[in-house]
>>> print(open('input.tsv').read())   # TSV, C-alpha atoms
chain	number	residue	atom	x	y	z
A	1	MET	CA	98.68	55.38	125.34
A	2	LYS	CA	94.92	55.07	124.84
A	3	LYS	CA	94.49	58.70	125.83
A	4	SER	CA	97.01	59.85	123.21
A	5	THR	CA	95.20	57.95	120.46
A	6	ASP	CA	91.90	59.56	121.46
A	7	LEU	CA	93.48	62.97	121.52
A	8	LEU	CA	94.96	62.44	118.06
A	9	LYS	CA	91.42	62.02	116.81
A	10	TYR	CA	90.08	65.25	118.27
A	11	GLU	CA	92.29	68.08	119.53
A	12	SER	CA	95.14	67.16	117.20
A	13	LEU	CA	92.94	67.35	114.18
A	14	ALA	CA	92.27	71.00	115.01
A	15	PHE	CA	96.01	71.62	115.32
A	16	PHE	CA	96.64	69.88	112.00
A	17	GLY	CA	94.01	72.10	110.34
A	18	LYS	CA	95.40	75.26	111.91
A	19	VAL	CA	98.94	74.59	110.70
A	20	ASN	CA	97.76	73.63	107.22
A	21	ALA	CA	95.73	76.83	106.99
A	22	SER	CA	98.80	78.92	107.87
A	23	ILE	CA	100.87	77.04	105.24
A	24	SER	CA	98.26	77.59	102.54
A	25	HIS	CA	98.19	81.28	103.49
A	26	GLU	CA	101.95	81.44	102.98
A	27	LEU	CA	101.68	79.69	99.60
A	28	LYS	CA	98.95	82.09	98.49
A	29	ASN	CA	101.16	85.04	99.40
A	30	ILE	CA	104.00	83.54	97.36
A	31	MET	CA	101.71	82.90	94.40
A	32	ALA	CA	100.37	86.46	94.65
A	33	ILE	CA	103.90	87.90	94.44
A	34	ILE	CA	104.81	85.66	91.49
A	35	SER	CA	101.55	86.49	89.74
A	36	GLU	CA	101.98	90.25	90.25
A	37	THR	CA	105.63	90.18	89.17
A	38	ALA	CA	104.77	88.23	86.02
A	39	GLY	CA	102.03	90.78	85.36
A	40	LEU	CA	104.46	93.63	85.89
A	41	LEU	CA	106.98	92.08	83.47
A	42	SER	CA	104.18	91.75	80.93
A	43	ASP	CA	103.18	95.42	81.46
A	44	MET	CA	106.82	96.42	81.00
A	45	ALA	CA	107.06	94.38	77.79
A	46	ASP	CA	103.95	96.17	76.48
A	47	MET	CA	105.50	99.51	77.35
A	48	ALA	CA	108.79	98.56	75.68
A	49	SER	CA	106.98	97.74	72.45
A	50	THR	CA	105.52	101.26	72.37
A	51	GLU	CA	107.73	104.05	73.64
A	52	ASN	CA	109.38	103.24	76.97
A	53	PRO	CA	112.53	101.12	76.97
A	54	VAL	CA	112.84	98.62	79.82
A	55	SER	CA	116.09	98.74	81.75
A	56	PRO	CA	118.00	95.45	82.05
A	57	GLU	CA	118.38	96.18	85.82
A	58	SER	CA	114.61	96.20	86.26
A	59	LEU	CA	114.23	92.96	84.35
A	60	LYS	CA	116.97	91.35	86.40
A	61	SER	CA	115.48	92.57	89.66
A	62	TYR	CA	111.98	91.30	88.88
A	63	THR	CA	113.04	87.94	87.49
A	64	GLY	CA	115.28	87.57	90.57
A	65	SER	CA	112.25	88.24	92.72
A	66	VAL	CA	110.30	85.47	90.95
A	67	ILE	CA	113.19	83.04	91.48
A	68	GLU	CA	113.37	83.94	95.19
A	69	GLU	CA	109.63	83.44	95.63
A	70	ILE	CA	109.73	80.07	93.88
A	71	GLN	CA	112.51	79.06	96.28
A	72	ARG	CA	110.41	80.29	99.19
A	73	GLY	CA	107.54	78.18	97.83
A	74	PHE	CA	109.75	75.09	97.66
A	75	ASN	CA	110.87	75.61	101.26
A	76	THR	CA	107.28	76.00	102.39
A	77	ILE	CA	106.25	72.82	100.60
A	78	ARG	CA	109.23	71.02	102.19
A	79	GLN	CA	108.04	72.10	105.69
A	80	MET	CA	104.50	71.08	104.81
A	81	ASN	CA	105.76	67.67	103.78
A	82	ARG	CA	107.77	67.23	107.00
A	83	PHE	CA	104.78	68.29	109.04
A	84	SER	CA	102.39	65.98	107.17
A	85	HIS	CA	104.69	63.01	107.78
A	86	SER	CA	104.73	63.65	111.53
A	87	VAL	CA	101.50	61.65	111.80
A	88	ASP	CA	102.93	58.60	110.03
A	89	THR	CA	103.95	56.79	113.21
A	90	PRO	CA	102.12	57.21	116.53
A	91	ILE	CA	105.25	56.58	118.63
A	92	THR	CA	108.77	56.96	117.30
A	93	GLU	CA	112.20	58.33	118.17
A	94	VAL	CA	112.71	61.97	117.16
A	95	ASN	CA	115.52	64.48	117.36
A	96	LEU	CA	114.21	67.36	119.50
A	97	ILE	CA	116.40	69.95	117.77
A	98	GLU	CA	115.04	68.99	114.35
A	99	MET	CA	111.50	68.99	115.66
A	100	ILE	CA	111.82	72.43	117.27
A	101	ASP	CA	113.41	73.75	114.09
A	102	LEU	CA	110.37	72.57	112.11
A	103	VAL	CA	107.99	74.10	114.66
A	104	ILE	CA	109.86	77.43	114.39
A	105	GLN	CA	109.41	77.32	110.60
A	106	LEU	CA	105.71	76.50	110.97
A	107	THR	CA	105.00	79.29	113.47
A	108	GLY	CA	106.89	81.64	111.14
A	109	TYR	CA	103.89	81.56	108.79
A	110	LEU	CA	101.69	83.26	111.39
A	111	SER	CA	101.20	87.00	110.92
A	112	PHE	CA	102.13	87.78	114.54
A	113	ALA	CA	105.26	85.58	114.59
A	114	GLY	CA	108.54	87.01	115.79
A	115	LYS	CA	111.91	85.31	115.37
A	116	ALA	CA	113.03	82.15	117.13
A	117	HIS	CA	116.24	80.14	117.20
A	118	VAL	CA	116.92	76.69	118.56
A	119	HIS	CA	119.97	75.99	120.70
A	120	ASN	CA	121.36	72.68	121.93
A	121	CYS	CA	122.93	73.16	125.40
A	122	GLY	CA	124.90	69.93	125.24
A	123	ASP	CA	127.03	67.95	122.81
A	124	SER	CA	124.77	64.95	122.43
A	125	LYS	CA	121.78	64.83	120.13
A	126	PRO	CA	118.56	65.05	122.13
A	127	PHE	CA	116.56	62.04	120.96
A	128	VAL	CA	113.23	61.26	122.57
A	129	LYS	CA	110.83	58.41	122.00
A	130	THR	CA	107.39	60.00	121.92
A	131	CYS	CA	104.27	60.71	119.93
A	132	PRO	CA	105.86	63.26	117.54
A	133	PHE	CA	102.60	64.83	116.48
A	134	LEU	CA	101.45	65.60	120.03
A	135	LEU	CA	104.87	66.86	121.12
A	136	GLN	CA	105.02	69.06	118.05
A	137	ALA	CA	101.58	70.46	118.91
A	138	VAL	CA	102.63	71.28	122.49
A	139	ILE	CA	105.87	73.01	121.40
A	140	TYR	CA	103.96	74.87	118.67
A	141	GLN	CA	101.40	76.18	121.18
A	142	ALA	CA	104.19	77.23	123.55
A	143	LEU	CA	105.90	79.20	120.79
A	144	VAL	CA	102.62	80.75	119.63
A	145	ASN	CA	102.05	81.84	123.23
A	146	GLN	CA	105.52	83.42	123.23
A	147	PHE	CA	104.84	85.39	120.06
A	148	LYS	CA	101.39	86.50	121.16
A	149	ASN	CA	102.80	87.81	124.42
A	150	GLY	CA	105.97	89.31	123.00
A	151	GLY	CA	104.50	91.09	119.97
A	152	PRO	CA	105.70	91.01	116.34
A	153	GLY	CA	109.24	92.25	117.00
A	154	MET	CA	110.11	89.64	119.61
A	155	GLU	CA	113.07	87.29	119.39
A	156	THR	CA	113.31	84.15	121.44
A	157	THR	CA	115.75	81.29	121.84
A	158	VAL	CA	114.49	77.79	122.47
A	159	SER	CA	117.19	75.83	124.30
A	160	VAL	CA	117.27	72.08	124.74
A	161	CYS	CA	119.16	70.94	127.85
A	162	SER	CA	119.64	67.56	129.45
A	163	GLN	CA	118.24	67.39	132.98
A	164	ASP	CA	119.15	63.81	133.69
A	165	GLN	CA	119.09	60.68	131.55
A	166	SER	CA	115.32	60.51	131.60
A	167	ILE	CA	114.34	64.15	130.92
A	168	TRP	CA	115.11	66.79	128.30
A	169	ARG	CA	114.23	70.35	129.27
A	170	VAL	CA	113.10	72.82	126.60
A	171	ILE	CA	113.58	76.40	127.81
A	172	PHE	CA	112.04	79.44	126.13
A	173	SER	CA	113.97	82.68	126.69
A	174	ASP	CA	112.66	86.25	127.03
A	175	ILE	CA	109.36	85.35	128.61
A	176	GLU	CA	106.75	88.09	128.83
A	177	GLN	CA	103.58	86.55	130.18
A	178	ASP	CA	100.42	88.42	129.39
A	179	SER	CA	97.31	87.42	131.26
A	180	ALA	CA	95.32	87.84	128.03
A	181	HIS	CA	97.13	84.86	126.50
A	182	VAL	CA	97.04	82.14	129.10
A	183	PHE	CA	99.26	79.14	128.51
A	184	PRO	CA	98.67	76.25	128.50
A	185	ASP	CA	95.03	76.08	127.44
A	186	ASP	CA	93.07	72.94	128.31
A	187	ASN	CA	93.74	71.18	124.99
A	188	THR	CA	97.49	71.75	125.22
A	189	LYS	CA	97.43	70.60	128.84
A	190	ASP	CA	95.67	67.38	127.79
A	191	MET	CA	98.09	66.73	124.94
A	192	ALA	CA	101.12	67.36	127.17
A	193	GLU	CA	99.74	65.09	129.87
A	194	ALA	CA	99.12	62.30	127.35
A	195	ILE	CA	102.81	62.17	126.42
A	196	GLY	CA	104.15	62.86	129.92
A	197	VAL	CA	105.36	66.41	129.18
A	198	LYS	CA	105.43	68.69	132.21
A	199	ILE	CA	104.75	72.37	131.48
A	200	ILE	CA	106.32	74.90	133.84
A	201	CYS	CA	104.80	78.29	133.10
A	202	THR	CA	105.09	81.32	135.36
A	203	ALA	CA	105.37	85.08	134.78
A	204	ASN	CA	108.99	84.87	133.66
A	205	ARG	CA	109.56	81.20	132.97
A	206	LEU	CA	108.35	78.78	130.31
A	207	GLU	CA	109.85	75.31	130.23
A	208	LEU	CA	108.80	71.92	129.00
A	209	ASP	CA	110.16	68.77	130.63
A	210	ILE	CA	110.07	66.01	128.03
A	211	PRO	CA	110.64	62.37	129.01
A	212	SER	CA	113.33	60.60	126.98
A	213	SER	CA	110.89	57.80	126.40
A	214	ILE	CA	107.12	57.82	126.53
A	215	GLU	CA	107.33	54.17	127.62
A	216	THR	CA	108.53	55.28	131.04
A	217	VAL	CA	105.47	57.52	131.52
A	218	SER	CA	102.96	56.01	133.89
B	219	MET	CA	92.89	113.25	81.93
B	220	PRO	CA	92.18	109.53	82.50
B	221	VAL	CA	90.20	108.79	85.67
B	222	GLU	CA	93.09	106.70	87.08
B	223	ASN	CA	95.27	109.83	87.42
B	224	THR	CA	92.85	111.37	89.87
B	225	ILE	CA	92.54	108.32	92.14
B	226	ARG	CA	94.77	108.33	95.21
B	227	ILE	CA	95.41	104.91	96.65
B	228	LEU	CA	96.87	103.80	99.97
B	229	LEU	CA	98.26	100.27	99.66
B	230	VAL	CA	99.06	98.43	102.90
B	231	ASP	CA	100.70	94.99	103.12
B	232	ASP	CA	103.49	93.53	105.24
B	233	GLU	CA	104.86	91.61	102.22
B	234	GLU	CA	107.26	94.23	100.86
B	235	LYS	CA	107.81	92.56	97.49
B	236	PHE	CA	104.06	92.35	96.95
B	237	LEU	CA	103.70	95.99	97.89
B	238	LYS	CA	106.45	97.10	95.50
B	239	THR	CA	105.15	95.09	92.54
B	240	VAL	CA	101.48	96.01	92.93
B	241	SER	CA	102.25	99.70	93.49
B	242	GLU	CA	104.42	99.74	90.38
B	243	ARG	CA	101.72	98.06	88.30
B	244	LEU	CA	99.10	100.50	89.57
B	245	SER	CA	101.44	103.42	88.90
B	246	ILE	CA	101.96	102.22	85.31
B	247	LYS	CA	98.17	102.26	84.96
B	248	GLY	CA	98.23	105.89	86.10
B	249	PHE	CA	97.08	105.65	89.73
B	250	ASN	CA	98.70	107.70	92.49
B	251	VAL	CA	99.88	105.12	94.98
B	252	MET	CA	101.36	105.44	98.45
B	253	THR	CA	102.45	102.33	100.35
B	254	ALA	CA	102.78	101.28	104.00
B	255	THR	CA	104.06	98.02	105.44
B	256	ASN	CA	102.04	98.20	108.66
B	257	SER	CA	98.87	99.70	110.08
B	258	ASP	CA	100.56	102.36	112.20
B	259	ASP	CA	102.34	103.83	109.16
B	260	ALA	CA	99.09	103.65	107.20
B	261	ILE	CA	97.21	105.61	109.90
B	262	THR	CA	99.95	108.27	109.90
B	263	ALA	CA	99.91	108.49	106.09
B	264	ALA	CA	96.12	108.86	106.06
B	265	LYS	CA	96.37	111.73	108.56
B	266	LYS	CA	98.85	113.58	106.32
B	267	GLU	CA	97.29	112.88	102.93
B	268	LYS	CA	93.84	112.26	101.65
B	269	PHE	CA	93.18	108.95	99.90
B	270	ASP	CA	90.22	107.91	97.81
B	271	VAL	CA	90.71	104.17	98.21
B	272	ALA	CA	92.78	102.03	100.57
B	273	ILE	CA	93.78	98.46	99.74
B	274	LEU	CA	94.55	96.55	102.93
B	275	ASP	CA	96.01	93.16	103.67
B	276	LEU	CA	93.81	91.41	106.21
B	277	GLN	CA	96.55	89.71	108.23
B	278	MET	CA	99.38	91.91	109.36
B	279	PRO	CA	101.56	91.92	112.46
B	280	GLY	CA	100.46	94.39	115.14
B	281	THR	CA	97.21	96.12	114.25
B	282	SER	CA	95.44	93.78	111.83
B	283	GLY	CA	93.90	94.79	108.51
B	284	SER	CA	90.38	94.38	109.88
B	285	GLU	CA	91.18	96.72	112.79
B	286	LEU	CA	92.80	99.19	110.37
B	287	LEU	CA	89.67	99.06	108.23
B	288	LYS	CA	87.57	100.20	111.22
B	289	ILE	CA	90.04	102.96	112.16
B	290	LEU	CA	90.19	104.37	108.61
B	291	LYS	CA	86.43	104.22	108.18
B	292	THR	CA	85.93	106.04	111.49
B	293	ASN	CA	88.46	108.78	110.82
B	294	HIS	CA	87.96	109.30	107.08
B	295	LYS	CA	84.34	109.58	106.14
B	296	PHE	CA	84.55	109.02	102.38
B	297	ILE	CA	87.42	106.58	102.01
B	298	GLU	CA	86.54	103.27	100.35
B	299	ILE	CA	88.40	100.15	101.34
B	300	ILE	CA	89.28	96.96	99.51
B	301	MET	CA	90.52	94.03	101.59
B	302	LEU	CA	93.06	91.53	100.28
B	303	THR	CA	93.72	88.21	101.95
B	304	GLY	CA	95.47	84.93	101.49
B	305	HIS	CA	93.32	83.51	104.27
B	306	ALA	CA	89.86	84.01	102.84
B	307	SER	CA	86.90	82.76	104.84
B	308	LEU	CA	83.22	83.54	104.77
B	309	ASP	CA	83.42	84.82	108.35
B	310	SER	CA	86.18	87.33	107.63
B	311	ALA	CA	84.46	88.48	104.43
B	312	VAL	CA	81.21	89.08	106.34
B	313	GLU	CA	83.06	90.87	109.15
B	314	CYS	CA	84.88	93.16	106.71
B	315	THR	CA	81.68	93.95	104.82
B	316	LYS	CA	79.93	94.77	108.10
B	317	SER	CA	82.81	97.09	108.97
B	318	GLY	CA	82.26	98.92	105.70
B	319	ALA	CA	84.72	97.35	103.23
B	320	PHE	CA	83.78	97.98	99.61
B	321	GLY	CA	85.40	94.82	98.30
B	322	TYR	CA	87.16	91.64	99.41
B	323	LEU	CA	89.66	89.87	97.14
B	324	GLU	CA	91.49	86.62	97.75
B	325	LYS	CA	95.18	86.37	96.91
B	326	PRO	CA	96.35	85.53	94.31
B	327	TYR	CA	93.71	87.54	92.43
B	328	ASP	CA	93.26	88.64	88.87
B	329	PHE	CA	94.79	92.11	88.41
B	330	ASP	CA	91.95	93.20	86.11
B	331	LYS	CA	89.53	92.31	88.91
B	332	LEU	CA	91.48	94.57	91.25
B	333	LEU	CA	91.28	97.39	88.67
B	334	THR	CA	87.53	96.92	88.27
B	335	THR	CA	87.03	96.85	92.04
B	336	LEU	CA	89.20	99.95	92.43
B	337	LYS	CA	87.15	101.89	89.90
B	338	GLY	CA	83.93	100.71	91.54
B	339	ALA	CA	85.23	101.84	94.92
B	340	TYR	CA	86.16	105.25	93.51
B	341	GLU	CA	82.70	105.66	91.97
B	342	ALA	CA	81.13	104.72	95.30
B	343	ARG	CA	83.24	107.34	97.03
B	344	LEU	CA	82.28	110.03	94.50
B	345	LYS	CA	78.61	109.14	94.85
B	346	LYS	CA	78.77	109.23	98.64
B	347	LYS	CA	80.55	112.58	98.57
B	348	TYR	CA	78.12	114.01	95.99
B	349	GLU	CA	75.13	112.97	98.10
B	350	HIS	CA	76.76	114.43	101.19
B	351	ASN	CA	77.47	117.73	99.44
B	352	GLN	CA	73.99	117.87	97.99
B	353	LYS	CA	72.45	117.36	101.43
B	354	ARG	CA	74.73	120.01	102.82
B	355	THR	CA	73.72	122.49	100.12
B	356	GLU	CA	70.07	121.82	100.92
B	357	ASP	CA	70.74	122.30	104.63
B	358	ILE	CA	72.51	125.61	103.95
B	359	GLN	CA	69.63	126.81	101.77
B	360	LYS	CA	67.15	125.92	104.52
B	361	LEU	CA	69.30	127.70	107.08
B	362	SER	CA	69.59	130.85	105.04
B	363	LEU	CA	65.81	130.95	104.60
B	364	ASN	CA	65.14	130.34	108.30
B	365	SER	CA	67.85	132.59	109.79
B	366	SER	CA	66.71	135.86	111.25
B	367	SER	CA	70.10	137.59	110.95
B	368	PRO	CA	73.43	137.05	109.08
B	369	LEU	CA	75.11	136.24	112.42
B	370	SER	CA	72.66	133.50	113.39
B	371	PHE	CA	73.04	132.12	109.86
B	372	LEU	CA	76.83	131.93	110.31
B	373	GLU	CA	76.48	130.28	113.72
B	374	ALA	CA	74.15	127.64	112.30
B	375	LEU	CA	76.52	127.15	109.37
B	376	ALA	CA	79.43	126.52	111.72
B	377	ARG	CA	77.39	123.79	113.42
B	378	LEU	CA	76.97	122.11	110.03
B	379	ASP	CA	80.70	122.04	109.40
B	380	ASP	CA	81.88	118.47	109.97
B	381	GLY	CA	85.53	119.26	109.40
B	382	GLU	CA	85.75	117.24	106.19
B	383	LYS	CA	88.06	119.08	103.77
>>> encode(input="input.tsv", output="structure tokens")
Amino acid sequence: MKKSTDLLKYESLAFFGKVNASISHELKNIMAIISETAGLLSDMADMASTENPVSPESLKSYTGSVIEEIQRGFNTIRQMNRFSHSVDTPITEVNLIEMIDLVIQLTGYLSFAGKAHVHNCGDSKPFVKTCPFLLQAVIYQALVNQFKNGGPGMETTVSVCSQDQSIWRVIFSDIEQDSAHVFPDDNTKDMAEAIGVKIICTANRLELDIPSSIETVS
Amino acid sequence: MPVENTIRILLVDDEEKFLKTVSERLSIKGFNVMTATNSDDAITAAKKEKFDVAILDLQMPGTSGSELLKILKTNHKFIEIIMLTGHASLDSAVECTKSGAFGYLEKPYDFDKLLTTLKGAYEARLKKKYEHNQKRTEDIQKLSLNSSSPLSFLEALARLDDGEK
């Protein structure tokens, strides 16, 4: 586990910064919409006090927009909070479905992101004992690779299937490998290796084999 | 007629609500605004209509705002461009300025600042166009003095035509 701790200090810090930057970008967009809508309502109020009446439909539509954006802001802050807490414990048991769901939300803040859904192939909950932060980083990079290769309109499903009792396989659908976006890069390879994750990446296949417990990784 | 009524703006952002609200606010102020949610639509719109100023979001899916900036500056000689971003960095500001952006505003920004920047961009466009026209008039005068026949004058004039309407 020494290698994982070292990696947390270096490569992971870059990942943490990258995700936080994308979250702050999202929050700025939300604030910009709220600010502009408030400004527009103020402009409309000014107009109403002179000659132009303001329609109740317009008021309803714009206040509704502010409410929606505030909700979007709350959701973003909730994801930010979940992500920030992923560094609380170096090794812990996590639900893969929940983790992938969070990663999908986080990649959604990137301008080139397409759509992704998570799917559990089995009935049991896929728990793994791992370094959540590093695993999150590896899955994030895999999804980013998917979106970069597939373009903005792409949709992908991330399935979690049990291989045997010791391995969970994460399968990305609709693979379109582009040589311009090579996956995994060296940092991702190092992070995956540190937590015993095997990356299978070919022209039409992207899978991650995740050990049920990092303690079994030699 | 207020100056705002003569300014034609192309507003490009992938956030549709942002686009709708800003375009409505600018329209209330008297500007002529056309919107696009992506770079491809913006390029098509700029081919069909002539804009004085474009306001571009820096980060958009597909062709990014910084790439769109270069395309518009290459294809439309006098257009002035203001970049908007929620991801401001010194590097991107420098890159946009090098590519010819008139202004660079970070979201959320003060609307009055956008108005001031817009007017500044329009003035810059008028100045650039005036200087261009003045140089052209001088070139035509020189040509007419130096041409030996009306036909050679017309041929030289055609060479001066840069296609800008």
>>> closest_atom_pairs(input="input.tsv", of="chain B", to="chain A", cutoff="10 Å", atoms="all atoms listed in the file", output="Markdown table")
| residue | atom | partner | partner_atom | distance |
| --- | --- | --- | --- | --- |
| B:Asp232 | CA | A:Ser111 | CA | 9.0 |
| B:Glu233 | CA | A:Asn29 | CA | 8.1 |
| B:Glu234 | CA | A:Ile33 | CA | 9.6 |
| B:Lys235 | CA | A:Ile33 | CA | 6.8 |
| B:Phe236 | CA | A:Ile33 | CA | 5.1 |
| B:Leu237 | CA | A:Ile33 | CA | 8.8 |
| B:Lys238 | CA | A:Thr37 | CA | 9.4 |
| B:Thr239 | CA | A:Thr37 | CA | 6.0 |
| B:Val240 | CA | A:Glu36 | CA | 6.4 |
| B:Ser241 | CA | A:Leu40 | CA | 10.0 |
| B:Glu242 | CA | A:Leu40 | CA | 7.6 |
| B:Arg243 | CA | A:Leu40 | CA | 5.7 |
| B:Leu244 | CA | A:Leu40 | CA | 9.5 |
| B:Ile246 | CA | A:Asp43 | CA | 7.9 |
| B:Lys247 | CA | A:Asp43 | CA | 9.2 |
| B:Leu276 | CA | A:Ser111 | CA | 9.8 |
| B:Gln277 | CA | A:Ser111 | CA | 6.0 |
| B:Met278 | CA | A:Ser111 | CA | 5.5 |
| B:Pro279 | CA | A:Phe112 | CA | 4.7 |
| B:Gly280 | CA | A:Pro152 | CA | 6.3 |
| B:Thr281 | CA | A:Phe112 | CA | 9.7 |
| B:Ser282 | CA | A:Ser111 | CA | 8.9 |
| B:Thr303 | CA | A:His25 | CA | 8.4 |
| B:Gly304 | CA | A:His25 | CA | 5.0 |
| B:His305 | CA | A:His25 | CA | 5.4 |
| B:Ala306 | CA | A:His25 | CA | 8.8 |
| B:Glu324 | CA | A:Lys28 | CA | 8.8 |
| B:Lys325 | CA | A:Ala32 | CA | 5.7 |
| B:Pro326 | CA | A:Ala32 | CA | 4.1 |
| B:Tyr327 | CA | A:Ala32 | CA | 7.1 |
| B:Asp328 | CA | A:Ser35 | CA | 8.6 |
| B:Phe329 | CA | A:Glu36 | CA | 7.7 |
>>> closest_residue(input="input.tsv", among="B:Glu285, B:Glu349, B:Glu373, B:Glu298", to="B:Glu313", atoms="only C-alpha atoms")
B:Glu285
>>> residues_around(input="input.tsv", residues="A:Glu215", least_positions_apart="3", cutoff="12 Å", atoms="only C-alpha atoms", output="list in words")
Met1, Ile91, Thr92, Glu93, Val128, Lys129, Thr130, Cys131, Ser166, Ala194, Ile195, Gly196, Pro211, Ser212 and Ser218 of chain A
>>> closest_residue(input="input.tsv", among="A:Lys189, A:Lys125, A:Lys9, A:His119", to="A:Ser159", atoms="all atoms listed in the file")
A:His119
>>> residues_around(input="input.tsv", residues="B:Gly321", least_positions_apart="4", cutoff="7 Å", atoms="all atoms listed in the file", output="list in words")
Ile299, Ile300, Met301 and Thr335 of chain B
>>> atom_distance(input="input.tsv", atom1="atom CA of A:Asn20", atom2="atom CA of A:Phe127")
26.0 Å
>>> closest_residue(input="input.tsv", among="B:Arg226, B:His350, B:Lys360, B:Arg343", to="B:Phe296", atoms="all atoms listed in the file")
B:Arg343
>>> atom_distance(input="input.tsv", atom1="atom CA of B:Asn293", atom2="atom CA of B:Cys314")
16.5 Å
